[in-house]
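Here is the file structure_25.cif (mmCIF, C-alpha atoms).
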data_protein
#
loop_
_atom_site.label_atom_id
_atom_site.label_comp_id
_atom_site.auth_asym_id
_atom_site.auth_seq_id
_atom_site.Cartn_x
_atom_site.Cartn_y
_atom_site.Cartn_z
CA MET A 22 16.25 17.14 -49.69
CA GLN A 23 17.89 15.10 -52.38
CA GLY A 24 20.20 17.09 -54.56
CA LEU A 25 21.26 19.52 -51.84
CA PRO A 26 25.01 19.85 -51.66
CA SER A 27 26.43 18.41 -48.44
CA GLU A 28 27.73 21.88 -47.47
CA VAL A 29 24.17 23.28 -47.56
CA LEU A 30 22.78 20.32 -45.64
CA SER A 31 25.56 20.71 -43.08
CA THR A 32 24.66 24.40 -42.65
CA ILE A 33 21.01 23.45 -42.13
CA PHE A 34 22.01 20.90 -39.51
CA ILE A 35 24.16 23.44 -37.68
CA SER A 36 21.33 25.98 -37.73
CA LEU A 37 19.14 23.46 -35.91
CA MET A 38 21.70 23.43 -33.12
CA ALA A 39 22.23 27.20 -33.23
CA ILE A 40 19.11 27.70 -31.14
CA HIS A 41 21.38 26.86 -28.22
CA THR A 42 22.03 29.87 -26.07
CA TYR A 43 24.05 30.12 -22.92
CA GLY A 44 22.77 30.34 -19.41
CA ASP A 45 19.31 29.53 -18.14
CA ARG A 46 17.66 29.48 -21.53
CA CYS A 47 19.53 26.40 -22.70
CA SER A 48 18.00 24.09 -20.11
CA SER A 49 14.68 24.05 -21.94
CA LEU A 50 16.46 23.31 -25.22
CA GLU A 51 18.71 20.58 -23.90
CA HIS A 52 16.35 17.76 -24.84
CA VAL A 53 15.69 19.19 -28.32
CA GLN A 54 19.39 19.48 -29.09
CA TRP A 55 20.11 15.96 -27.95
CA GLU A 56 17.25 14.67 -30.11
CA VAL A 57 18.61 16.59 -33.13
CA GLN A 58 22.03 15.04 -32.61
CA LYS A 59 20.51 11.56 -32.33
CA ALA A 60 17.93 11.87 -35.13
CA LEU A 61 19.79 13.49 -38.03
CA PRO A 62 22.23 10.62 -38.63
CA LEU A 63 19.35 8.13 -38.65
CA VAL A 64 17.33 9.69 -41.49
CA CYS A 65 19.32 8.15 -44.33
CA ARG A 66 22.86 7.20 -45.29
CA SER A 67 23.68 10.57 -46.88
CA TRP A 68 22.39 12.51 -43.85
CA ASN A 69 24.46 10.25 -41.62
CA GLN A 70 27.60 11.03 -43.63
CA VAL A 71 26.90 14.76 -43.51
CA ALA A 72 26.07 14.74 -39.78
CA VAL A 73 29.13 12.69 -38.84
CA GLY A 74 31.28 14.96 -41.01
CA THR A 75 29.95 18.17 -39.41
CA PRO A 76 31.96 18.74 -36.21
CA ASP A 77 29.95 21.85 -35.25
CA LEU A 78 26.87 19.65 -34.88
CA TRP A 79 28.51 17.84 -31.96
CA THR A 80 29.85 20.79 -29.95
CA TYR A 81 26.87 20.90 -27.58
CA ILE A 82 27.58 18.36 -24.87
CA CYS A 83 25.28 17.70 -21.95
CA LEU A 84 26.61 15.45 -19.24
CA ASN A 85 23.91 14.03 -17.00
CA LEU A 86 23.43 11.02 -14.75
CA ARG A 87 22.51 8.86 -17.76
CA SER A 88 25.62 9.78 -19.76
CA THR A 89 27.99 6.97 -20.68
CA PRO A 90 31.74 7.05 -21.24
CA ASP A 91 31.27 5.71 -24.80
CA GLU A 92 28.77 8.45 -25.61
CA MET A 93 31.15 11.11 -24.25
CA MET A 94 34.11 9.80 -26.25
CA LYS A 95 31.99 9.64 -29.42
CA LYS A 96 30.74 13.23 -29.06
CA LEU A 97 34.21 14.57 -28.31
CA SER A 98 35.58 12.70 -31.31
CA LEU A 99 32.79 13.90 -33.64
CA SER A 100 33.27 17.50 -32.48
CA GLY A 101 36.84 17.47 -33.78
CA SER A 102 38.75 20.44 -32.42
CA CYS A 103 35.74 22.79 -32.32
CA PRO A 104 34.98 24.81 -29.17
CA LEU A 105 32.52 23.06 -26.86
CA ASP A 106 29.35 24.26 -25.16
CA VAL A 107 29.13 22.08 -22.06
CA ARG A 108 26.26 21.64 -19.66
CA ILE A 109 26.54 19.42 -16.62
CA SER A 110 23.03 18.65 -15.48
CA LEU A 111 22.65 16.86 -12.18
CA ASP A 112 18.96 17.50 -11.75
CA ASN A 113 18.35 14.37 -9.78
CA THR A 114 15.11 14.47 -7.83
CA ASP A 115 16.05 11.28 -5.99
CA ALA A 116 19.29 12.90 -4.78
CA LYS A 117 21.21 9.77 -5.76
CA PRO A 118 24.96 10.17 -5.92
CA PRO A 119 26.53 10.17 -9.39
CA THR A 120 27.28 6.68 -10.71
CA THR A 121 30.68 5.30 -11.62
CA GLN A 122 29.59 5.54 -15.26
CA PHE A 123 28.89 9.27 -14.82
CA ARG A 124 32.23 9.85 -13.08
CA ILE A 125 34.13 8.14 -15.91
CA ALA A 126 32.23 10.18 -18.52
CA TYR A 127 32.99 13.33 -16.50
CA ASN A 128 36.71 12.49 -16.37
CA ILE A 129 36.73 12.00 -20.14
CA LEU A 130 35.03 15.38 -20.61
CA VAL A 131 37.44 17.17 -18.26
CA GLN A 132 40.34 16.13 -20.48
CA SER A 133 38.87 18.52 -23.09
CA VAL A 134 38.17 21.41 -20.71
CA ASP A 135 40.55 23.64 -22.67
CA ARG A 136 38.07 23.48 -25.58
CA CYS A 137 35.08 24.75 -23.54
CA ARG A 138 33.57 27.96 -24.92
CA SER A 139 30.69 27.89 -22.45
CA PHE A 140 30.14 25.95 -19.27
CA VAL A 141 26.89 25.63 -17.34
CA PHE A 142 26.37 23.64 -14.18
CA ASP A 143 22.78 22.94 -13.26
CA GLY A 144 22.03 20.66 -10.38
CA LEU A 145 20.22 19.62 -7.28
CA ALA A 146 22.32 19.08 -4.18
CA LEU A 147 21.98 18.50 -0.50
CA CYS A 148 24.31 21.45 -0.09
CA PRO A 149 26.16 23.65 -2.60
CA GLU A 150 29.51 22.12 -1.59
CA ASP A 151 28.34 18.78 -3.03
CA VAL A 152 28.72 20.12 -6.56
CA SER A 153 32.22 21.59 -6.30
CA PRO A 154 33.92 18.38 -7.53
CA TYR A 155 32.05 18.77 -10.84
CA ILE A 156 33.12 22.31 -11.64
CA PRO A 157 36.60 22.48 -13.16
CA ALA A 158 38.93 24.81 -11.28
CA VAL A 159 40.23 26.30 -14.52
CA LEU A 160 38.22 27.01 -17.66
CA PRO A 161 40.81 28.81 -19.82
CA LYS A 162 38.72 29.60 -22.91
CA VAL A 163 35.25 29.96 -21.44
CA VAL A 164 33.55 33.17 -22.49
CA GLU A 165 30.30 32.46 -20.69
CA ALA A 166 29.56 30.38 -17.62
CA GLY A 167 26.51 29.61 -15.56
CA TYR A 168 26.00 28.01 -12.19
CA ARG A 169 22.63 27.10 -10.77
CA VAL A 170 22.20 24.82 -7.79
CA ARG A 171 18.92 24.01 -6.15
CA VAL A 172 19.47 22.85 -2.59
CA ASP A 173 17.37 19.88 -1.52
CA ASP A 174 15.59 20.91 1.64
CA ARG A 175 13.06 18.10 1.84
CA ASP A 176 14.27 17.08 5.29
CA GLU A 177 12.60 18.53 8.32
CA VAL A 178 14.16 21.77 9.30
CA THR A 179 14.66 22.78 12.89
CA PRO A 180 13.65 26.40 13.20
CA ILE A 181 16.30 28.77 14.41
CA PRO A 182 15.19 30.29 17.72
CA GLU A 183 14.62 33.99 17.60
CA GLU A 184 16.87 36.16 19.68
CA GLU A 185 15.35 37.25 22.92
CA ASN A 186 15.02 40.96 23.31
CA ASP A 187 16.37 42.26 26.55
CA GLN A 188 13.69 44.70 27.51
CA PRO A 189 13.87 46.52 30.81
#
How would this structure read if it were set down as structure tokens?
Amino acid sequence: MQGLPSEVLSTIFISLMAIHTYGDRCSSLEHVQWEVQKALPLVCRSWNQVAVGTPDLWTYICLNLRSTPDEMMKKLSLSGSCPLDVRISLDNTDAKPPTTQFRIAYNILVQSVDRCRSFVFDGLALCPEDVSPYIPAVLPKVVEAGYRVRVDDRDEVTPIPEEENDQP
């Protein structure tokens, strides 16, 4: 792609991320988008310059249990002042509590909540109340939001006794 103007290359890069849609459909694309963000700057020096100089490429932010504070600050910085499409994914099959590293990254992200265009929470919890600390109370510019929690019911459940019928 030598000879392509940086504006054209930037548009191509953005179109790779444009497959992102809101709601349930984005969960299957999450990995692809993250790989695009990681891979494009590594191709060559000129692609790196274009990718780093294209804020729209960095507006998709997925916060998960492996996220680091440095990674969060870098993405927020690279996204400039563009609106953000945020996904918090706590799909943790081990039901481990979020780490200190995750909590710091989350707190960094929350400072930019006024830039969120979309917000999706997707997680596994012991009970739905466990996720409330990770959903901002106010999302002033969000035009689309999603919330999906799978409750972990792997523990033995005591059956609820059926009501006895009072028959004469």
inquiry  = My list of candidates is A:Trp68, A:Pro76, A:Phe34, A:Ile125. Which is closest to Ser88 in chain A when distances are computed with all atoms listed in the file?
reply    = A:Ile125
request  = Go through the shown structure with the PyMOL selection byres ((chain A and resi 128) around 12) and write out the matching residues as a list in words.
outcome  =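 For this structure, the PyMOL selection byres ((chain A and resi 128) around 12) resolves to Leu84, Ser88, Thr89, Pro90, Met93, Met94, Thr121, Gln122, Phe123, Arg124, Ile125, Ala126, Tyr127, Ile129, Leu130, Val131, Gln132, Ser133, Val134, Pro154, Tyr155, Ile156 and Pro157 of chain A.
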ask   = Please, which residues are within 10 Å of (25.9, 15.4, -12.9) by the file's coordinates, counting only C-alpha atoms, and could they come as a PyMOL selection string?
value = chain A and resi 83-88+108-113+118-120+123-124+126-127+142-145+152+155
request  = Starting from the shown file, work through the PyMOL selection byres ((chain A and resi 166) around 8) and note down what comes out as a PyMOL selection string.
outcome  = chain A and resi 43-44+139-141+163-165+167-168
Counting only C-alpha atoms, the residue of A:Leu30, A:Ala60, A:Arg136, A:Leu99 that sits nearest Gly74 in chain A = A:Leu99
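Between CA of Val107 in chain A and CA of Thr32 in chain A the separation is 21.2 Å.
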request  = Quote the spacing between CA of Ser100 in chain A and CA of Trp79 in chain A in Å to one decimal place.
outcome  =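 So the answer is 4.8 Å.
Here CA of Val57 in chain A stands at a distance of 25.0 Å from CA of Arg169 in chain A.
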task = Carefully work through the PyMOL selection byres ((chain A and resi 71) around 9) for this structure and note down the residues it includes, as a list of chain:residue names.
result =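 For this structure, the PyMOL selection byres ((chain A and resi 71) around 9) resolves to A:Ser27, A:Glu28, A:Leu30, A:Ser31, A:Phe34, A:Pro62, A:Arg66, A:Ser67, A:Trp68, A:Asn69, A:Gln70, A:Ala72, A:Val73, A:Gly74, A:Thr75.
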task = For each of A:Ser36, A:Cys137, A:Glu92, A:Ser153, take the minimum atom-to-atom distance to Thr80 in chain A, counting only C-alpha atoms, then give the residue where this is smallest.
result =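 Closest to Thr80 in chain A of all the choices is A:Cys137.
Distances from A:Leu105, A:Val159, A:Leu25, A:Leu63 to Tyr81 in chain A were compared using only C-alpha atoms, and the smallest one belongs to A:Leu105.
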